[in-house]
Structures are given as C-alpha cells and as structure tokens.
$ cat target-v2.pdb   # PDB, C-alpha atoms
ATOM      1  CA  MET A  60       7.947  20.522 -19.739
ATOM      2  CA  ILE A  61       4.462  20.309 -21.230
ATOM      3  CA  PRO A  62       2.867  16.850 -21.583
ATOM      4  CA  ALA A  63       2.341  15.400 -25.044
ATOM      5  CA  PRO A  64      -1.208  15.917 -26.424
ATOM      6  CA  PHE A  65      -3.888  13.463 -25.301
ATOM      7  CA  ASP A  66      -7.648  13.018 -25.260
ATOM      8  CA  TYR A  67      -9.191  13.677 -21.839
ATOM      9  CA  VAL A  68     -12.253  11.681 -20.743
ATOM     10  CA  VAL A  69     -14.145  12.032 -17.445
ATOM     11  CA  PRO A  70     -16.568   9.103 -17.015
ATOM     12  CA  SER A  71     -19.278   9.152 -14.345
ATOM     13  CA  THR A  72     -19.598   5.380 -13.761
ATOM     14  CA  VAL A  73     -17.228   2.438 -13.461
ATOM     15  CA  GLY A  74     -18.839   0.769 -16.458
ATOM     16  CA  GLU A  75     -18.260   3.833 -18.609
ATOM     17  CA  ALA A  76     -14.651   4.073 -17.457
ATOM     18  CA  VAL A  77     -13.986   0.429 -18.327
ATOM     19  CA  ARG A  78     -15.528   0.859 -21.785
ATOM     20  CA  VAL A  79     -13.442   3.951 -22.527
ATOM     21  CA  LEU A  80     -10.290   2.236 -21.267
ATOM     22  CA  THR A  81     -10.948  -0.822 -23.418
ATOM     23  CA  ASP A  82     -11.732   1.221 -26.535
ATOM     24  CA  ALA A  83      -8.670   3.438 -26.099
ATOM     25  CA  GLY A  84      -6.306   0.463 -26.030
ATOM     26  CA  GLU A  85      -2.858   0.051 -24.545
ATOM     27  CA  ASP A  86      -1.904   3.711 -24.873
ATOM     28  CA  ALA A  87      -4.577   4.866 -22.416
ATOM     29  CA  LYS A  88      -3.853   5.842 -18.814
ATOM     30  CA  VAL A  89      -6.141   6.093 -15.796
ATOM     31  CA  ILE A  90      -5.629   9.026 -13.443
ATOM     32  CA  ALA A  91      -6.756   9.070  -9.819
ATOM     33  CA  GLY A  92      -5.131  11.665  -7.544
ATOM     34  CA  GLY A  93      -2.420  12.293 -10.122
ATOM     35  CA  GLN A  94       0.384  12.680  -7.589
ATOM     36  CA  SER A  95       2.578  10.132  -9.376
ATOM     37  CA  LEU A  96       1.243  10.292 -12.928
ATOM     38  CA  LEU A  97       1.271  14.042 -13.526
ATOM     39  CA  PRO A  98       5.027  14.489 -12.960
ATOM     40  CA  VAL A  99       5.656  11.573 -15.316
ATOM     41  CA  LEU A 100       3.470  13.203 -17.980
ATOM     42  CA  ARG A 101       5.205  16.543 -17.607
ATOM     43  CA  LEU A 102       8.595  14.870 -18.082
ATOM     44  CA  ARG A 103       7.182  12.963 -21.073
ATOM     45  CA  MET A 104       8.248   9.681 -19.534
ATOM     46  CA  ALA A 105       4.723   8.579 -20.483
ATOM     47  CA  ALA A 106       2.694   9.817 -23.438
ATOM     48  CA  PRO A 107      -0.822   8.324 -23.319
ATOM     49  CA  THR A 108      -3.179   8.971 -26.191
ATOM     50  CA  THR A 109      -6.138   9.023 -23.773
ATOM     51  CA  LEU A 110      -6.303  10.067 -20.119
ATOM     52  CA  ILE A 111      -9.280   8.722 -18.155
ATOM     53  CA  ASP A 112     -10.061  10.710 -15.012
ATOM     54  CA  LEU A 113     -11.872   8.765 -12.257
ATOM     55  CA  ASN A 114     -12.598  11.742 -10.012
ATOM     56  CA  ARG A 115     -16.299  12.059 -10.898
ATOM     57  CA  ILE A 116     -17.142   8.429 -10.070
ATOM     58  CA  SER A 117     -18.627   8.871  -6.617
ATOM     59  CA  GLU A 118     -19.049   5.134  -6.000
ATOM     60  CA  LEU A 119     -15.256   4.799  -5.827
ATOM     61  CA  ARG A 120     -14.991   6.930  -2.689
ATOM     62  CA  GLY A 121     -15.461   6.073   0.949
ATOM     63  CA  VAL A 122     -15.126   3.238   3.448
ATOM     64  CA  ARG A 123     -17.895   0.803   4.365
ATOM     65  CA  ASP A 124     -18.441  -2.138   6.688
ATOM     66  CA  ASP A 125     -19.012  -5.470   4.958
ATOM     67  CA  GLY A 126     -19.308  -7.950   7.803
ATOM     68  CA  ASP A 127     -15.915  -9.524   8.390
ATOM     69  CA  ALA A 128     -14.141  -6.951   6.221
ATOM     70  CA  ILE A 129     -14.013  -3.254   5.530
ATOM     71  CA  VAL A 130     -14.158  -2.073   1.938
ATOM     72  CA  ILE A 131     -12.171   0.966   0.827
ATOM     73  CA  GLY A 132     -13.062   2.694  -2.431
ATOM     74  CA  SER A 133     -10.040   3.144  -4.654
ATOM     75  CA  MET A 134     -10.555   6.916  -4.912
ATOM     76  CA  THR A 135     -10.628   7.421  -1.139
ATOM     77  CA  THR A 136      -7.947   9.959  -0.289
ATOM     78  CA  HIS A 137      -5.109   9.425   2.151
ATOM     79  CA  HIS A 138      -6.577  12.214   4.272
ATOM     80  CA  ASP A 139      -9.860  10.321   4.610
ATOM     81  CA  ILE A 140      -8.089   7.015   5.330
ATOM     82  CA  GLN A 141      -6.299   8.658   8.256
ATOM     83  CA  ARG A 142      -9.536   9.895   9.802
ATOM     84  CA  ASP A 143     -12.052   7.157   9.068
ATOM     85  CA  PRO A 144     -13.436   5.519  12.253
ATOM     86  CA  LEU A 145     -13.867   2.093  10.615
ATOM     87  CA  ILE A 146     -10.202   2.027   9.672
ATOM     88  CA  ALA A 147      -9.192   3.209  13.138
ATOM     89  CA  ASP A 148     -11.205   0.385  14.721
ATOM     90  CA  HIS A 149     -10.473  -2.476  12.328
ATOM     91  CA  ALA A 150      -7.307  -1.666  10.321
ATOM     92  CA  GLU A 151      -5.238   0.683  12.469
ATOM     93  CA  LEU A 152      -2.109  -0.178  10.472
ATOM     94  CA  LEU A 153      -3.487   1.588   7.398
ATOM     95  CA  ALA A 154      -4.092   4.785   9.345
ATOM     96  CA  LYS A 155      -0.609   4.670  10.868
ATOM     97  CA  ALA A 156       1.097   4.083   7.512
ATOM     98  CA  THR A 157      -0.967   6.677   5.664
ATOM     99  CA  ALA A 158       0.046   9.333   8.189
ATOM    100  CA  THR A 159       3.640   8.968   6.952
ATOM    101  CA  VAL A 160       2.825   9.558   3.268
ATOM    102  CA  ALA A 161       4.396  12.777   1.940
ATOM    103  CA  ASP A 162       2.716  15.934   3.308
ATOM    104  CA  PRO A 163      -0.849  17.169   3.979
ATOM    105  CA  GLN A 164      -1.266  18.571   0.459
ATOM    106  CA  ILE A 165      -0.378  15.231  -1.113
ATOM    107  CA  ARG A 166      -2.592  13.346   1.355
ATOM    108  CA  HIS A 167      -5.566  15.519   0.417
ATOM    109  CA  ARG A 168      -5.161  14.691  -3.285
ATOM    110  CA  GLY A 169      -3.499  11.276  -3.391
ATOM    111  CA  THR A 170      -5.706   8.194  -3.294
ATOM    112  CA  PHE A 171      -5.382   4.814  -1.631
ATOM    113  CA  GLY A 172      -6.190   2.909  -4.814
ATOM    114  CA  GLY A 173      -3.843   5.042  -6.869
ATOM    115  CA  SER A 174      -0.935   4.189  -4.581
ATOM    116  CA  ILE A 175      -1.749   0.484  -4.688
ATOM    117  CA  ALA A 176      -2.132   0.407  -8.482
ATOM    118  CA  HIS A 177       1.068   2.436  -9.010
ATOM    119  CA  ALA A 178       2.973  -0.338  -7.181
ATOM    120  CA  ASP A 179       6.078   1.652  -6.347
ATOM    121  CA  PRO A 180       8.126  -0.674  -4.081
ATOM    122  CA  ALA A 181       9.107   2.374  -1.992
ATOM    123  CA  GLY A 182       5.459   3.356  -1.523
ATOM    124  CA  ASP A 183       4.276   3.200   2.060
ATOM    125  CA  LEU A 184       0.871   1.554   1.582
ATOM    126  CA  LEU A 185       1.817  -1.643  -0.260
ATOM    127  CA  ALA A 186       3.420  -3.441   2.695
ATOM    128  CA  PRO A 187       0.487  -2.646   5.022
ATOM    129  CA  ALA A 188      -1.963  -3.971   2.409
ATOM    130  CA  LEU A 189       0.105  -7.147   2.148
ATOM    131  CA  ALA A 190       0.429  -7.562   5.915
ATOM    132  CA  LEU A 191      -3.348  -7.200   6.307
ATOM    133  CA  ASP A 192      -4.135  -9.762   3.580
ATOM    134  CA  ALA A 193      -5.984  -7.150   1.557
ATOM    135  CA  GLU A 194      -7.845  -8.157  -1.580
ATOM    136  CA  MET A 195      -7.987  -5.985  -4.692
ATOM    137  CA  VAL A 196     -11.292  -5.791  -6.590
ATOM    138  CA  LEU A 197     -10.797  -5.279 -10.319
ATOM    139  CA  HIS A 198     -13.463  -4.347 -12.884
ATOM    140  CA  GLY A 199     -12.990  -5.139 -16.566
ATOM    141  CA  MET A 200     -15.007  -5.931 -19.661
ATOM    142  CA  ASP A 201     -15.106  -9.589 -18.602
ATOM    143  CA  GLY A 202     -16.584  -8.776 -15.198
ATOM    144  CA  VAL A 203     -15.257  -8.455 -11.673
ATOM    145  CA  ARG A 204     -12.447 -10.418 -10.087
ATOM    146  CA  ARG A 205     -10.652 -10.336  -6.754
ATOM    147  CA  VAL A 206      -6.903 -10.667  -6.421
ATOM    148  CA  PRO A 207      -5.211 -11.118  -3.011
ATOM    149  CA  ALA A 208      -2.339  -8.764  -2.262
ATOM    150  CA  VAL A 209       0.168 -11.620  -2.270
ATOM    151  CA  GLU A 210      -0.680 -12.201  -5.962
ATOM    152  CA  PHE A 211      -1.342  -8.602  -6.973
ATOM    153  CA  PHE A 212       2.163  -7.110  -6.905
ATOM    154  CA  ASP A 213       4.271  -8.624  -9.701
ATOM    155  CA  ASP A 214       7.397  -6.463  -9.996
ATOM    156  CA  PHE A 215       8.580  -2.834 -10.034
ATOM    157  CA  PHE A 216       5.518  -0.721 -10.894
ATOM    158  CA  THR A 217       3.796  -3.875 -12.197
ATOM    159  CA  THR A 218       0.626  -5.545 -10.956
ATOM    160  CA  ALA A 219      -1.763  -8.330 -11.910
ATOM    161  CA  MET A 220      -4.201  -5.786 -13.409
ATOM    162  CA  GLN A 221      -4.968  -6.307 -17.071
ATOM    163  CA  PRO A 222      -4.741  -3.289 -19.443
ATOM    164  CA  ASN A 223      -8.546  -2.960 -19.571
ATOM    165  CA  GLU A 224      -9.139  -3.324 -15.813
ATOM    166  CA  ILE A 225      -9.682  -0.691 -13.124
ATOM    167  CA  LEU A 226      -9.031  -1.111  -9.411
ATOM    168  CA  THR A 227     -12.334  -0.141  -7.784
ATOM    169  CA  GLU A 228     -12.104  -1.382  -4.175
ATOM    170  CA  VAL A 229      -9.709  -2.819  -1.636
ATOM    171  CA  ARG A 230     -11.181  -5.317   0.831
ATOM    172  CA  VAL A 231      -9.379  -5.586   4.168
ATOM    173  CA  PRO A 232     -10.200  -8.263   6.772
ATOM    174  CA  LYS A 233     -10.986  -6.829  10.187
ATOM    175  CA  PHE A 234      -8.121  -6.772  12.676
ATOM    176  CA  THR A 235     -10.230  -5.452  15.526
ATOM    177  CA  GLY A 236      -8.302  -5.019  18.758
ATOM    178  CA  TRP A 237      -4.898  -5.457  17.121
ATOM    179  CA  ARG A 238      -2.265  -2.781  17.754
ATOM    180  CA  ALA A 239      -0.180  -1.474  14.880
ATOM    181  CA  HIS A 240       2.712   0.718  13.861
ATOM    182  CA  TYR A 241       4.524   1.784  10.687
ATOM    183  CA  GLU A 242       8.188   2.667  10.981
ATOM    184  CA  LYS A 243      10.068   4.148   8.022
ATOM    185  CA  PHE A 244      13.540   5.473   7.401
ATOM    186  CA  ASN A 245      14.181   8.285   4.936
ATOM    187  CA  ARG A 246      16.875  10.890   4.645
ATOM    188  CA  VAL A 247      14.622  13.946   4.504
ATOM    189  CA  ALA A 248      11.075  14.642   5.608
ATOM    190  CA  GLN A 249       8.301  13.658   3.182
ATOM    191  CA  ALA A 250      10.612  11.470   1.063
ATOM    192  CA  TRP A 251      10.073   7.891  -0.085
ATOM    193  CA  SER A 252      11.044   5.133   2.322
ATOM    194  CA  ILE A 253      14.549   3.751   2.023
ATOM    195  CA  VAL A 254      13.116   0.918   4.130
ATOM    196  CA  GLY A 255       9.787   0.717   5.931
ATOM    197  CA  VAL A 256       8.191  -1.817   8.278
ATOM    198  CA  ALA A 257       4.458  -2.315   8.729
ATOM    199  CA  THR A 258       3.361  -4.412  11.683
ATOM    200  CA  THR A 259       0.186  -5.297  13.523
ATOM    201  CA  VAL A 260       0.044  -7.592  16.535
ATOM    202  CA  ARG A 261      -2.479  -9.152  18.880
ATOM    203  CA  THR A 262      -1.455  -9.882  22.444
ATOM    204  CA  GLU A 263      -3.071 -12.000  25.149
ATOM    205  CA  ALA A 264      -2.002 -11.735  28.776
ATOM    206  CA  GLY A 265       1.390 -10.352  27.864
ATOM    207  CA  THR A 266       2.067 -12.897  25.118
ATOM    208  CA  ILE A 267       2.130 -12.226  21.370
ATOM    209  CA  ALA A 268      -0.714 -14.353  20.036
ATOM    210  CA  GLU A 269      -0.585 -13.246  16.375
ATOM    211  CA  ALA A 270       1.669 -10.988  14.334
ATOM    212  CA  ARG A 271       1.852  -9.622  10.799
ATOM    213  CA  VAL A 272       4.940  -7.861   9.445
ATOM    214  CA  GLY A 273       5.339  -6.340   5.966
ATOM    215  CA  LEU A 274       8.489  -4.766   4.549
ATOM    216  CA  THR A 275       8.725  -1.756   2.231
ATOM    217  CA  ASN A 276      11.519  -1.424  -0.347
ATOM    218  CA  MET A 277      13.214  -4.715   0.514
ATOM    219  CA  ALA A 278      12.470  -6.232  -2.916
ATOM    220  CA  SER A 279      10.789  -5.254  -6.172
ATOM    221  CA  VAL A 280       7.465  -5.908  -4.397
ATOM    222  CA  PRO A 281       6.340  -5.664  -0.761
ATOM    223  CA  VAL A 282       7.482  -8.625   1.338
ATOM    224  CA  ARG A 283       6.000 -10.437   4.330
ATOM    225  CA  ALA A 284       8.617 -11.046   7.028
ATOM    226  CA  ARG A 285       7.353 -14.569   7.712
ATOM    227  CA  ALA A 286      10.375 -15.556   9.772
ATOM    228  CA  VAL A 287       9.774 -12.637  12.139
ATOM    229  CA  GLU A 288       6.082 -13.467  12.438
ATOM    230  CA  GLU A 289       6.841 -17.083  13.318
ATOM    231  CA  ALA A 290       9.492 -16.053  15.838
ATOM    232  CA  LEU A 291       7.113 -13.631  17.586
ATOM    233  CA  VAL A 292       4.047 -15.828  18.002
ATOM    234  CA  GLY A 293       3.868 -17.439  21.412
ATOM    235  CA  GLN A 294       6.662 -15.303  22.844
ATOM    236  CA  PRO A 295       6.309 -12.876  25.738
ATOM    237  CA  ALA A 296       5.894  -9.305  24.585
ATOM    238  CA  THR A 297       9.265  -8.316  25.990
ATOM    239  CA  ALA A 298      12.049  -6.218  24.507
ATOM    240  CA  GLU A 299      14.382  -9.220  24.442
ATOM    241  CA  ALA A 300      11.958 -11.504  22.579
ATOM    242  CA  ILE A 301      11.052  -8.796  20.054
ATOM    243  CA  ARG A 302      14.704  -7.962  19.430
ATOM    244  CA  ALA A 303      15.537 -11.611  18.802
ATOM    245  CA  ALA A 304      12.646 -11.998  16.335
ATOM    246  CA  ALA A 305      13.561  -8.792  14.524
ATOM    247  CA  GLU A 306      17.029 -10.177  13.752
ATOM    248  CA  ARG A 307      15.320 -12.396  11.169
ATOM    249  CA  ALA A 308      13.717  -9.491   9.276
ATOM    250  CA  ALA A 309      16.036  -9.630   6.254
ATOM    251  CA  GLU A 310      15.480 -13.342   5.628
ATOM    252  CA  GLY A 311      13.905 -14.005   2.240
ATOM    253  CA  THR A 312      14.359 -10.425   1.006
ATOM    254  CA  SER A 313      16.178  -9.200  -2.114
ATOM    255  CA  PRO A 314      16.839  -5.474  -1.660
ATOM    256  CA  THR A 315      18.522  -3.446  -4.384
ATOM    257  CA  ALA A 316      21.443  -1.058  -4.064
ATOM    258  CA  ASP A 317      20.993   2.559  -5.136
ATOM    259  CA  GLY A 318      22.128   6.057  -4.249
ATOM    260  CA  ASN A 319      20.345   5.898  -0.905
ATOM    261  CA  ALA A 320      21.593   2.577   0.446
ATOM    262  CA  ASP A 321      23.440  -0.588  -0.458
ATOM    263  CA  VAL A 322      22.071  -4.087   0.132
ATOM    264  CA  GLU A 323      23.748  -4.609   3.506
ATOM    265  CA  TYR A 324      22.530  -1.289   4.861
ATOM    266  CA  ARG A 325      18.948  -2.041   3.836
ATOM    267  CA  GLN A 326      19.158  -5.416   5.558
ATOM    268  CA  HIS A 327      20.450  -3.686   8.685
ATOM    269  CA  LEU A 328      17.630  -1.150   8.515
ATOM    270  CA  ALA A 329      15.041  -3.920   8.174
ATOM    271  CA  ARG A 330      16.208  -5.482  11.429
ATOM    272  CA  VAL A 331      16.410  -2.190  13.334
ATOM    273  CA  LEU A 332      13.067  -0.847  12.074
ATOM    274  CA  THR A 333      11.272  -4.149  12.682
ATOM    275  CA  ASN A 334      12.389  -4.057  16.291
ATOM    276  CA  ARG A 335      11.131  -0.488  16.627
ATOM    277  CA  ALA A 336       7.838  -1.145  14.845
ATOM    278  CA  VAL A 337       6.908  -4.253  16.814
ATOM    279  CA  SER A 338       8.002  -2.715  20.126
ATOM    280  CA  THR A 339       5.905   0.387  19.480
ATOM    281  CA  ALA A 340       2.876  -1.658  18.420
ATOM    282  CA  VAL A 341       3.068  -3.884  21.486
ATOM    283  CA  ALA A 342       3.396  -0.872  23.781
ATOM    284  CA  GLY A 343       0.182   0.498  22.260
TER     285      GLY A 343
END

$ encode --input "target-v2.pdb" --output "structure tokens"
Amino acid sequence: MIPAPFDYVVPSTVGEAVRVLTDAGEDAKVIAGGQSLLPVLRLRMAAPTTLIDLNRISELRGVRDDGDAIVIGSMTTHHDIQRDPLIADHAELLAKATATVADPQIRHRGTFGGSIAHADPAGDLLAPALALDAEMVLHGMDGVRRVPAVEFFDDFFTTAMQPNEILTEVRVPKFTGWRAHYEKFNRVAQAWSIVGVATTVRTEAGTIAEARVGLTNMASVPVRARAVEEALVGQPATAEAIRAAAERAAEGTSPTADGNADVEYRQHLARVLTNRAVSTAVAG
C-alpha cells in the first residue's frame, strides 16, 4: 500500500526538530532509521500529518566518553554500535545484543535511539539498556531532562517521552572489565525474540561479585531479573551455582501468550536462556 499524504520536514538541528514537532502537534511522527515506522506507514496503521526526519542532524550520531559514562547519540546505527571501541571496552553487553538484531542491512539503517523510543517489548536493545542502568536524554520545548531506563518504558510501545520531546542521547554507566552475553530464542533467523536474556557480570577470583540480568519479552516492558542477580552475587562462578540462580528468572515477570509461545513456555525459556547467558558471560 501507499502511505497517506503527509508533510515531510528535514531539520538540521535538534532545536529546529523540537520546534517543528511542537508546531505540528499530536499527529506528527519522528523518523530515525525507519525500519519500524515505514512498514507501519505503508500499511496505513499510522497516518501522520507531518513526518520529521532526523537524519541530517549530525550531532545525534556517534559515541563519546563522558567520564564515568559513555554517551550514545540516538541516531547512531546498530552497525556502528557493534564496532565502536568505547562500547566494546565499557558496555560490551550492547555490542553483543546489537549483533543479534535482524540482518546486516537493517543494522546499517536502524538506529539505537529509534529502537529504544519504539519500545517494542520484543526488541533486543531494551533489556540491555535496562540492565546497564542507561539514562535517556530528552529534548523538548521546556528544556532537557534525563529519564532512567527503569522509568522510561511504560507499556507496549509506550515510553515516558512527551509528544513534543525527542530522544537525543542515551547515557550508559561504564561497566569496564565486566563480561557480557545476550541470548535470544526465535523460531527463524532474524526474527524478533520470543524471549531474550541480557546479562553482564563481574567476577573476582572465581566468584561472581556483581551481576545484571535483563529480560526481553517477559512483560509489556523490559524486566530486571532481580532474584537472579541476588542469587548470583557472592556465589562461585560454577555451572551448579549459575543453574540454581537461573531457576528464579521468571519471578516477577508477566509474559503474554501469543502464536509463538504460551506463558508457561516463556517462563521455561527465561530460565533456560538465563542459564546459558550467564554461563557464557562468565566463561568470557
């Protein structure tokens, strides 16, 4: 199908983009890589009156060091996330998770900020952002505000962003020296996760000193597996200890049933994939 008619605006600065978005009102849409929005437009599941393209705003691209955190521009592509040395050194989990997103063509066009703002609970980058205590930087007519990941994701495809705000950066604390892995289960290659597990751990002398575990598609928003984290810390990094902790992965989750899996199967997958993810991360 052909999308419904709309006005197309290509701002060159964040300030200009925010002004256009505010003036256009609730029927405006922001487009980043377009990998999720364009199919929706073609199916006429969305019919914005104004489409605001962020691709010419150069300040929204790239990764930089900001002391105790790294800052990722919202228009940084998945391809660049995978290959950035700062992310490899300080947020390995993001690189591991991004490598599982779709295929190389999508990763060259899709953007990190676009995935976060889209807030699809089956998306593979939300749980890693949550596990890493990422902070979303939002620009609006009233200024700039920061929203932690735990408060950013509200519901299916719904975030704490106001209609006149744009996600410009994602700040990620440094997890230097931590090992990480992202384990996902899907029926066919390049498909959305039925369940995914994002984990990063720090070990000392064979003991798990700290652990972060985030779950994909186990609720309407990404979920921290707090019970698993608590069970891992202070335990030897052995297969038996990891397996015991992973048995708690489904605690506090509220998965839905659909054509891919029922609730019980998703809970089973969460336990199995958590065991795999943590074991792989610990093994390095």

$ atom_distance --input "target-v2.pdb" --atom1 "atom CA of Pro107 of chain A" --atom2 "atom CA of Gln221 of chain A"
16.4 Å

$ resolve_selection --input "target-v2.pdb" --expression "the PyMOL selection byres ((chain A and resi 247-263) around 7)" --output "PyMOL selection string"
chain A and resi 152+160-162+181-182+186-187+237-246+264-277+319+325+328-329+332-333+336-337+340-341

$ axis_aligned_box --input "target-v2.pdb" --around "segment 220-226 of chain A" --padding-each-side "4 Å" --output "lines of an AutoDock Vina configuration file"
center_x = -6.9
center_y = -3.5
center_z = -14.5
size_x = 13.5
size_y = 13.6
size_z = 18.2

$ resolve_selection --input "target-v2.pdb" --expression "the PyMOL selection byres ((chain A and resi 127) around 6)" --output "short mmCIF file (atom, residue, chain, number, x, y, z; two decimals) with C-alpha atoms, keeping the file's coordinate frame"
data_model
loop_
_atom_site.label_atom_id
_atom_site.label_comp_id
_atom_site.auth_asym_id
_atom_site.auth_seq_id
_atom_site.Cartn_x
_atom_site.Cartn_y
_atom_site.Cartn_z
CA GLY A 126 -19.31 -7.95 7.80
CA ALA A 128 -14.14 -6.95 6.22
CA LYS A 233 -10.99 -6.83 10.19
#

$ residues_around --input "target-v2.pdb" --residues "Asp66 of chain A" --least-positions-apart "2" --cutoff "9 Å" --atoms "only C-alpha atoms" --output "count of residues only"
7

$ closest_residue --input "target-v2.pdb" --among "A:His167, A:Arg335, A:Arg230, A:Arg123" --to "Glu194 of chain A" --atoms "all atoms listed in the file"
A:Arg230

$ build_atoms --input "target-v2.pdb" --residues "segment 219-241 of chain A" --atoms "N, CA and C atoms" --output "CSV table (one decimal), in the coordinates of the input"
chain,number,residue,atom,x,y,z
A,219,ALA,N,-1.0,-7.3,-11.2
A,219,ALA,CA,-1.8,-8.3,-11.9
A,219,ALA,C,-2.9,-7.7,-12.7
A,220,MET,N,-3.1,-6.4,-12.7
A,220,MET,CA,-4.2,-5.8,-13.4
A,220,MET,C,-4.0,-5.9,-14.9
A,221,GLN,N,-5.0,-6.3,-15.6
A,221,GLN,CA,-5.0,-6.3,-17.1
A,221,GLN,C,-5.1,-4.9,-17.6
A,222,PRO,N,-4.7,-4.6,-18.9
A,222,PRO,CA,-4.7,-3.3,-19.4
A,222,PRO,C,-6.1,-2.7,-19.5
A,223,ASN,N,-7.2,-3.5,-19.5
A,223,ASN,CA,-8.5,-3.0,-19.6
A,223,ASN,C,-9.3,-3.1,-18.2
A,224,GLU,N,-8.5,-3.2,-17.1
A,224,GLU,CA,-9.1,-3.3,-15.8
A,224,GLU,C,-8.9,-2.1,-15.0
A,225,ILE,N,-9.8,-1.8,-14.1
A,225,ILE,CA,-9.7,-0.7,-13.1
A,225,ILE,C,-9.8,-1.2,-11.7
A,226,LEU,N,-8.9,-0.8,-10.8
A,226,LEU,CA,-9.0,-1.1,-9.4
A,226,LEU,C,-10.1,-0.3,-8.8
A,227,THR,N,-11.2,-0.9,-8.3
A,227,THR,CA,-12.3,-0.1,-7.8
A,227,THR,C,-12.4,-0.2,-6.3
A,228,GLU,N,-12.0,-1.3,-5.6
A,228,GLU,CA,-12.1,-1.4,-4.2
A,228,GLU,C,-10.9,-2.2,-3.6
A,229,VAL,N,-10.7,-2.0,-2.4
A,229,VAL,CA,-9.7,-2.8,-1.6
A,229,VAL,C,-10.4,-3.3,-0.4
A,230,ARG,N,-10.5,-4.7,-0.3
A,230,ARG,CA,-11.2,-5.3,0.8
A,230,ARG,C,-10.1,-5.7,1.9
A,231,VAL,N,-10.3,-5.3,3.1
A,231,VAL,CA,-9.4,-5.6,4.2
A,231,VAL,C,-10.1,-6.3,5.3
A,232,PRO,N,-9.6,-7.5,5.6
A,232,PRO,CA,-10.2,-8.3,6.8
A,232,PRO,C,-10.1,-7.4,8.0
A,233,LYS,N,-11.0,-7.6,9.0
A,233,LYS,CA,-11.0,-6.8,10.2
A,233,LYS,C,-9.9,-7.4,11.2
A,234,PHE,N,-9.1,-6.5,11.6
A,234,PHE,CA,-8.1,-6.8,12.7
A,234,PHE,C,-8.5,-6.0,13.9
A,235,THR,N,-9.7,-6.2,14.4
A,235,THR,CA,-10.2,-5.5,15.5
A,235,THR,C,-9.5,-5.8,16.8
A,236,GLY,N,-9.0,-4.8,17.5
A,236,GLY,CA,-8.3,-5.0,18.8
A,236,GLY,C,-6.8,-5.2,18.6
A,237,TRP,N,-6.3,-5.3,17.4
A,237,TRP,CA,-4.9,-5.5,17.1
A,237,TRP,C,-4.3,-4.1,17.2
A,238,ARG,N,-3.0,-4.0,17.7
A,238,ARG,CA,-2.3,-2.8,17.8
A,238,ARG,C,-1.3,-2.8,16.6
A,239,ALA,N,-1.0,-1.6,16.1
A,239,ALA,CA,-0.2,-1.5,14.9
A,239,ALA,C,0.8,-0.3,14.9
A,240,HIS,N,1.8,-0.4,14.0
A,240,HIS,CA,2.7,0.7,13.9
A,240,HIS,C,3.4,0.6,12.5
A,241,TYR,N,3.7,1.8,11.9
A,241,TYR,CA,4.5,1.8,10.7
A,241,TYR,C,5.8,2.6,10.9
